[in-house]
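Asks: Structure supplied as entry06.cif; contents: mmCIF, C-alpha atoms.
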data_final
loop_
_atom_site.label_atom_id
_atom_site.label_comp_id
_atom_site.auth_asym_id
_atom_site.auth_seq_id
_atom_site.Cartn_x
_atom_site.Cartn_y
_atom_site.Cartn_z
CA CYS D 83 0.00 0.00 0.00
CA PRO D 84 1.61 3.30 -1.05
CA TYR D 85 -0.15 5.18 1.77
CA TRP D 86 1.25 2.77 4.34
CA LEU D 87 4.73 3.07 2.87
CA ARG D 88 4.62 6.86 2.56
CA LYS D 89 2.54 7.94 5.58
CA GLY D 90 2.54 4.91 7.85
CA ILE D 91 -1.26 4.97 7.90
CA CYS D 92 -4.07 4.00 5.52
CA TRP D 93 -7.65 5.16 5.95
CA ARG D 94 -8.96 2.06 4.14
CA GLY D 95 -7.79 -0.13 7.00
CA GLU D 96 -8.70 -3.78 6.57
CA ASP D 97 -10.53 -2.98 3.32
CA CYS D 98 -7.30 -1.99 1.59
CA SER D 99 -6.07 -4.38 -1.09
CA GLY D 100 -2.44 -3.50 -0.35
CA ALA D 101 -0.12 -4.98 2.25
CA HIS D 102 0.44 -3.22 5.61
CA LEU D 103 3.64 -4.86 6.80
CA PRO D 104 4.94 -3.44 10.11
CA GLU D 105 8.55 -3.36 8.89
CA PHE D 106 7.55 -1.12 5.95
CA LYS D 107 5.43 1.35 7.95
CA GLY D 108 6.37 4.89 6.80
CA ILE D 109 9.66 3.66 5.37
CA ALA D 110 9.40 5.82 2.24
CA ALA D 111 8.92 9.01 4.29
CA VAL D 112 12.23 8.60 6.13
CA GLY D 113 14.10 7.11 3.18
CA GLY D 114 15.18 3.99 5.00
CA GLY D 115 15.36 0.43 3.75
CA HIS D 116 14.65 -0.90 0.30
CA VAL D 117 11.11 -0.90 -1.04
CA LEU D 118 10.47 -3.31 -3.88
CA ALA D 119 7.21 -1.71 -5.02
CA PRO D 120 7.50 1.63 -6.85
CA ILE D 121 6.15 4.53 -4.85
CA GLY D 122 4.47 7.41 -6.63
CA ARG D 123 3.59 10.77 -5.18
CA VAL D 124 0.54 10.53 -2.94
CA ARG D 125 -1.93 12.90 -4.52
CA ASN D 126 -4.29 15.04 -2.49
CA ARG D 127 -7.31 14.77 -4.79
CA TRP D 128 -9.37 13.15 -1.99
CA ARG D 129 -8.38 15.66 0.70
CA ALA D 130 -11.94 16.97 1.08
CA SER D 131 -13.29 13.45 1.61
CA ILE D 132 -10.59 12.64 4.15
CA PHE D 133 -11.22 15.90 6.02
CA ARG D 134 -14.98 15.19 6.06
CA ARG D 135 -14.38 11.75 7.55
CA TRP D 136 -12.12 13.31 10.19
CA LEU D 137 -14.83 15.82 11.11
CA LEU D 138 -17.38 13.02 11.52
CA ASP D 139 -15.01 10.93 13.64
CA THR D 140 -13.95 13.89 15.78
CA PHE D 141 -17.22 15.76 16.36
CA GLY D 142 -19.93 13.29 15.40
CA LEU D 143 -22.87 13.69 13.05
CA GLU D 144 -25.26 14.94 15.73
CA MET D 145 -23.03 17.87 16.71
CA LEU D 146 -22.21 18.84 13.13
CA THR D 147 -25.90 19.19 12.26
CA GLN D 148 -26.64 21.55 15.14
CA GLY D 149 -27.51 25.21 14.63
CA SER D 150 -26.54 26.65 11.28
CA GLY D 151 -24.20 23.73 10.65
CA VAL D 152 -20.63 23.87 9.38
CA VAL D 153 -19.06 27.14 8.24
CA ASP D 154 -16.42 26.30 5.64
CA VAL D 155 -13.99 29.23 5.52
CA ALA D 156 -12.04 29.66 2.28
CA GLY D 157 -13.97 26.68 0.92
CA GLY D 158 -12.37 26.95 -2.50
CA GLN D 159 -14.10 24.63 -4.96
CA GLY D 160 -16.76 23.69 -2.41
CA GLU D 161 -16.05 19.95 -2.34
CA LEU D 162 -16.08 19.65 1.46
CA SER D 163 -19.43 21.42 1.84
CA PHE D 164 -20.88 19.53 -1.12
CA GLU D 165 -19.98 16.18 0.45
CA LEU D 166 -21.25 17.16 3.91
CA ILE D 167 -24.63 18.16 2.52
CA ASN D 168 -25.14 15.32 0.06
CA LEU D 169 -23.52 12.40 1.89
CA ASN D 170 -24.34 13.25 5.51
CA GLY D 171 -27.17 15.78 5.45
CA VAL D 172 -25.04 18.31 7.33
CA PRO D 173 -25.83 21.99 6.57
CA SER D 174 -22.66 23.69 5.37
CA THR D 175 -22.02 27.25 4.22
CA ILE D 176 -18.96 28.39 2.29
CA LEU D 177 -17.49 31.70 3.46
CA ASP D 178 -15.08 32.68 0.72
CA PRO D 179 -14.50 35.94 -1.19
CA ARG D 180 -13.95 34.08 -4.44
CA GLN D 181 -16.81 33.88 -6.88
CA GLY D 182 -18.35 30.51 -7.65
CA TRP D 183 -16.76 27.09 -7.67
CA ASN D 184 -16.24 24.07 -9.88
CA ILE D 185 -17.66 20.87 -8.44
CA GLU D 186 -18.66 19.16 -11.67
CA LYS D 187 -16.39 16.23 -10.79
CA ALA D 188 -17.99 15.86 -7.35
CA VAL D 189 -21.45 15.92 -8.93
CA ARG D 190 -20.43 13.22 -11.39
CA LEU D 191 -18.94 11.06 -8.62
CA LEU D 192 -22.17 11.38 -6.66
CA GLU D 193 -24.33 10.47 -9.63
CA ILE D 194 -22.34 7.34 -10.54
CA GLY D 195 -22.25 6.18 -6.91
CA GLN D 196 -18.51 6.51 -6.33
CA TYR D 197 -18.98 7.78 -2.75
CA HIS D 198 -21.11 4.70 -1.98
CA SER D 199 -18.93 2.15 -3.80
CA THR D 200 -17.14 0.38 -0.91
CA ASP D 201 -17.84 -0.62 2.68
CA ALA D 202 -14.92 1.58 3.81
CA LEU D 203 -16.50 4.68 2.21
CA MET D 204 -19.97 3.79 3.47
CA ARG D 205 -18.81 3.95 7.07
CA HIS D 206 -18.86 7.74 6.74
CA VAL D 207 -21.94 8.07 4.51
CA THR D 208 -25.38 8.41 6.08
CA VAL D 209 -27.51 9.34 3.06
CA PRO D 210 -28.26 6.26 0.90
CA LEU D 211 -27.42 6.36 -2.79
CA GLU D 212 -31.09 5.97 -3.74
CA GLU D 213 -31.94 9.08 -1.70
CA CYS D 214 -29.08 11.05 -3.27
CA ARG D 215 -30.33 10.19 -6.74
CA ARG D 216 -33.92 11.00 -5.82
CA LEU D 217 -33.03 14.43 -4.42
CA GLY D 218 -30.36 15.23 -6.99
CA PRO D 219 -27.18 17.17 -6.15
CA GLN D 220 -27.66 19.67 -3.33
CA PHE D 221 -25.43 22.73 -3.59
CA PRO D 222 -24.04 24.57 -0.55
CA ARG D 223 -24.80 28.15 0.32
CA HIS D 224 -21.97 30.49 -0.61
CA GLU D 225 -21.41 33.92 0.95
CA ARG D 226 -18.69 36.10 -0.54
CA MET D 227 -17.09 37.48 2.61
CA PHE D 228 -13.73 37.76 4.37
CA LEU D 229 -13.58 36.32 7.88
CA ASP D 230 -12.09 39.12 9.93
CA PRO D 231 -11.91 39.86 13.71
CA ARG D 232 -13.65 43.18 13.08
CA LEU D 233 -16.85 41.17 12.56
CA TRP D 234 -17.01 40.09 16.22
CA THR D 235 -14.99 42.75 18.08
CA GLY D 236 -15.88 46.36 18.84
CA ASP D 237 -19.33 47.88 19.19
CA GLU D 238 -22.37 47.02 17.09
CA ALA D 239 -21.98 49.96 14.71
CA SER D 240 -18.35 49.14 13.92
CA ARG D 241 -19.18 45.49 13.25
CA VAL D 242 -22.02 46.43 10.91
CA ALA D 243 -19.70 48.80 9.04
CA ALA D 244 -16.99 46.13 8.87
CA CYS D 245 -19.45 43.61 7.42
CA GLU D 246 -20.48 46.00 4.66
CA HIS D 247 -16.88 46.98 3.89
CA LEU D 248 -15.57 43.40 3.83
CA GLY D 249 -18.54 42.18 1.78
CA LYS D 250 -18.09 44.86 -0.87
CA ARG D 251 -14.35 44.21 -0.94
CA ALA D 252 -15.03 40.50 -1.46
CA GLN D 253 -17.14 41.36 -4.51
CA ARG D 254 -14.00 42.73 -6.20
CA VAL D 255 -11.87 39.65 -5.59
CA VAL D 256 -10.63 37.58 -8.51
CA TRP D 257 -8.42 34.51 -8.48
CA ARG D 258 -5.11 34.78 -10.31
CA PRO D 259 -2.22 32.29 -10.54
CA ARG D 260 -0.41 34.34 -7.90
CA GLY D 261 -3.36 34.15 -5.53
CA LEU D 262 -6.27 36.36 -4.57
CA PHE D 263 -6.30 39.86 -6.01
CA VAL D 264 -8.70 42.67 -5.09
CA GLN D 265 -9.49 44.73 -8.15
CA GLU D 266 -9.95 48.43 -7.65
CA SER D 267 -10.52 48.88 -11.39
CA PRO D 268 -10.83 46.69 -14.50
CA LYS D 269 -7.07 47.05 -15.05
CA LEU D 270 -4.83 44.41 -13.47
CA PRO D 271 -1.22 44.91 -12.32
CA ASP D 272 1.66 44.88 -14.81
CA GLY D 273 -0.64 45.66 -17.71
CA GLU D 274 -2.47 42.29 -17.47
CA SER D 275 -6.08 42.04 -18.52
CA ALA D 276 -8.69 39.97 -16.74
CA SER D 277 -9.33 36.61 -18.37
CA PRO D 278 -12.88 35.50 -19.20
CA SER D 279 -12.81 33.19 -16.19
CA THR D 280 -11.95 36.05 -13.83
CA PRO D 281 -13.80 39.11 -15.12
CA PHE D 282 -13.93 42.42 -13.32
CA VAL D 283 -16.91 42.41 -10.96
CA GLU D 284 -18.46 45.66 -9.91
CA PRO D 285 -19.30 45.71 -6.19
CA ALA D 286 -22.85 44.54 -5.61
CA GLU D 287 -25.29 46.98 -4.06
CA LYS D 288 -26.10 44.56 -1.28
CA VAL D 289 -24.01 42.03 0.62
CA ILE D 290 -25.03 39.68 3.39
CA LEU D 291 -26.59 41.60 6.27
CA PHE D 292 -24.59 41.68 9.47
CA SER D 293 -27.51 40.19 11.38
CA GLU D 294 -27.54 37.20 8.99
CA LEU D 295 -23.78 36.79 9.16
CA ARG D 296 -23.77 36.97 12.96
CA ALA D 297 -26.51 34.33 13.16
CA LEU D 298 -24.57 32.11 10.77
CA LEU D 299 -21.29 32.36 12.67
CA GLU D 300 -22.64 32.28 16.22
CA GLY D 301 -24.98 29.40 15.37
CA ALA D 302 -22.31 27.31 13.64
CA SER D 303 -21.62 23.83 14.94
CA VAL D 304 -17.98 24.16 13.85
CA VAL D 305 -15.96 26.69 11.87
CA VAL D 306 -13.41 24.92 9.69
CA GLY D 307 -10.81 25.71 7.05
CA MET D 308 -9.12 22.96 5.06
CA HIS D 309 -6.56 25.28 3.40
CA PRO D 310 -7.49 28.77 4.67
CA ASP D 311 -4.11 30.50 4.16
CA GLN D 312 -4.61 34.10 5.32
CA ALA D 313 -7.89 33.20 7.07
CA ALA D 314 -6.21 30.69 9.43
CA GLY D 315 -5.56 33.33 12.10
CA ALA D 316 -9.15 34.61 11.92
CA ILE D 317 -10.55 31.08 12.31
CA VAL D 318 -8.45 30.51 15.43
CA GLU D 319 -9.36 33.91 16.91
CA PHE D 320 -13.07 33.39 16.30
CA SER D 321 -12.99 29.89 17.75
CA VAL D 322 -11.14 31.03 20.88
CA SER D 323 -13.50 33.96 21.46
CA HIS D 324 -16.63 31.79 21.04
CA ARG D 325 -15.58 28.56 22.73
#
Could you write out this file's structure as structure tokens?
Replies:
Amino acid sequence: CPYWLRKGICWRGEDCSGAHLPEFKGIAAVGGGHVLAPIGRVRNRWRASIFRRWLLDTFGLEMLTQGSGVVDVAGGQGELSFELINLNGVPSTILDPRQGWNIEKAVRLLEIGQYHSTDALMRHVTVPLEECRRLGPQFPRHERMFLDPRLWTGDEASRVAACEHLGKRAQRVVWRPRGLFVQESPKLPDGESASPSTPFVEPAEKVILFSELRALLEGASVVVGMHPDQAAGAIVEFSVSHR
């Protein structure tokens, strides 16, 4: 098993078709010994599924479904929230300044029954395949917003103003190869022009109301971030202040 050789652990457990020999546990990670089987790079294409299973094992389904459910900060393509909603019936909201997502692959995997294909996968799936097909793909709520300490510190007026400012700023965010970029005008740095996939977006007249955002955050069962980057500090600060 390449996971056993590389990481010393395999989430498939007894259902894995590979060998889990004690003497080869994690041997590829430390570079020791001689491994007969070729070892490729362990890809992270299933990271959302693995994180979802960890959330279920750590917090339990009952807790995750409480209140407004999971708040997925910097949810990226939305795979984590999509799986939580469709496979476990857990409400999940993406809080990310980026516009839209691409979960066509996740939709296809759901429709063909990939998430329900083995006993190992089914241990963390609570919505039967027949029910998923009857309901069709359920898409998560997405709020374009930065998570920032100004949303829960200071007086009411300052938090309302911060919500409006951060929401309007999020409306101007585009994703470039170098990361997130907040457009102040249709012109990009260094003379670049916006590609069709990342057009200039004029700030919307309305963003999520502070009262709605506060209810979402304060009612969340958990606030998570799989790869939050700049938002990591804000997630920790919010969690500490609301524990």
Asks: Have a look at D:Asp178, D:Glu165, D:Asp237, D:Glu105 and name the one nearest to Tyr197 of chain D; count all atoms listed in the file.
Replies: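 Ranking D:Asp178, D:Glu165, D:Asp237, D:Glu105 by distance to Tyr197 of chain D, first place goes to D:Glu165.
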Asks: Give me the residues within 6 Å of segment 214-230 of chain D as an MDAnalysis selection string, counting all atoms listed in the file and dropping any in the same chain fewer than 2 places off.
Replies: chainID D and resid 164 175:179 211:212 232:233 248:249 252 316
Asks: Axis-aligned box over every listed atom of segment 240-257 of chain D, padded by 5 Å per side: centre and edges in Å to one decimal, as lines of an AutoDock Vina configuration file?
Replies:
center_x = -15.2
center_y = 41.8
center_z = 2.7
size_x = 23.6
size_y = 24.6
size_z = 32.4
Asks: Which residues fall under the PyMOL selection byres ((chain D and resi 311) around 12) in this file, as a tab-separated table (two decimals) with C-alpha atoms, in the frame of the given file?
Replies:
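Final output, saved to part.tsv:
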chain	number	residue	atom	x	y	z
D	155	VAL	CA	-13.99	29.23	5.52
D	156	ALA	CA	-12.04	29.66	2.28
D	157	GLY	CA	-13.97	26.68	0.92
D	158	GLY	CA	-12.37	26.95	-2.50
D	178	ASP	CA	-15.08	32.68	0.72
D	229	LEU	CA	-13.58	36.32	7.88
D	261	GLY	CA	-3.36	34.15	-5.53
D	262	LEU	CA	-6.27	36.36	-4.57
D	307	GLY	CA	-10.81	25.71	7.05
D	308	MET	CA	-9.12	22.96	5.06
D	309	HIS	CA	-6.56	25.28	3.40
D	310	PRO	CA	-7.49	28.77	4.67
D	312	GLN	CA	-4.61	34.10	5.32
D	313	ALA	CA	-7.89	33.20	7.07
D	314	ALA	CA	-6.21	30.69	9.43
D	315	GLY	CA	-5.56	33.33	12.10
D	316	ALA	CA	-9.15	34.61	11.92
D	317	ILE	CA	-10.55	31.08	12.31
Asks: In Å to one decimal, how far is atom CA of Lys107 of chain D from atom CA of Gly90 of chain D?
Replies: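 Computing it gives 4.6 Å between the two atoms.
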Asks: Name the residues in contact with Ile91 of chain D at a cut-off of 10 Å, using only C-alpha atoms, excluding same-chain residues fewer than 5 positions from it; report them as a ChimeraX atom specification.
Replies: /D:83-86,102,107-108
Asks: As an exercise, work out the distance from atom CA of Val152 of chain D to atom CA of Val172 of chain D in Å and give it to one decimal place.
Replies: 7.4 Å
Asks: Using all atoms listed in the file, give me every residue within 9 Å of (-14.7, 27.3, 12.4) in file coordinates, as a VMD selection string.
Replies: chain D and resid 152 to 155 299 302 to 307 317 to 318 320 to 321
Asks: For atom CA of Gly160 of chain D and atom CA of Val255 of chain D, quote the distance in Å rounded to one decimal.
Replies: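 A separation of 17.0 Å between them.
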Asks: Quick one: contact table of segment 182-235 of chain D to segment 131-138 of chain D, 10 Å max, nearest atom pair and distance in Å to one decimal per residue, counting only C-alpha atoms, chain and number order, as a Markdown table?
Replies:
| residue | atom | partner | partner_atom | distance |
| --- | --- | --- | --- | --- |
| D:Tyr197 | CA | D:Ser131 | CA | 9.1 |
| D:Leu203 | CA | D:Arg135 | CA | 9.1 |
| D:Arg205 | CA | D:Arg135 | CA | 9.0 |
| D:His206 | CA | D:Arg135 | CA | 6.1 |
| D:Val207 | CA | D:Arg135 | CA | 8.9 |
Asks: Out of D:Ile194, D:Cys245, D:Ile167, D:Met204, which residue has the shortest atom-to-atom distance to Val289 of chain D when counting all atoms listed in the file?
Replies: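 Looking at the shortest contact to Val289 of chain D, the residue is D:Cys245.
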Asks: Compare D:Lys250, D:His324, D:Arg129, D:Arg180 by their minimum atom-to-atom distance to Glu161 of chain D, counting only C-alpha atoms, and give me the closest one.
Replies: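 Answer, going by the shortest atom-to-atom distance: D:Arg129.
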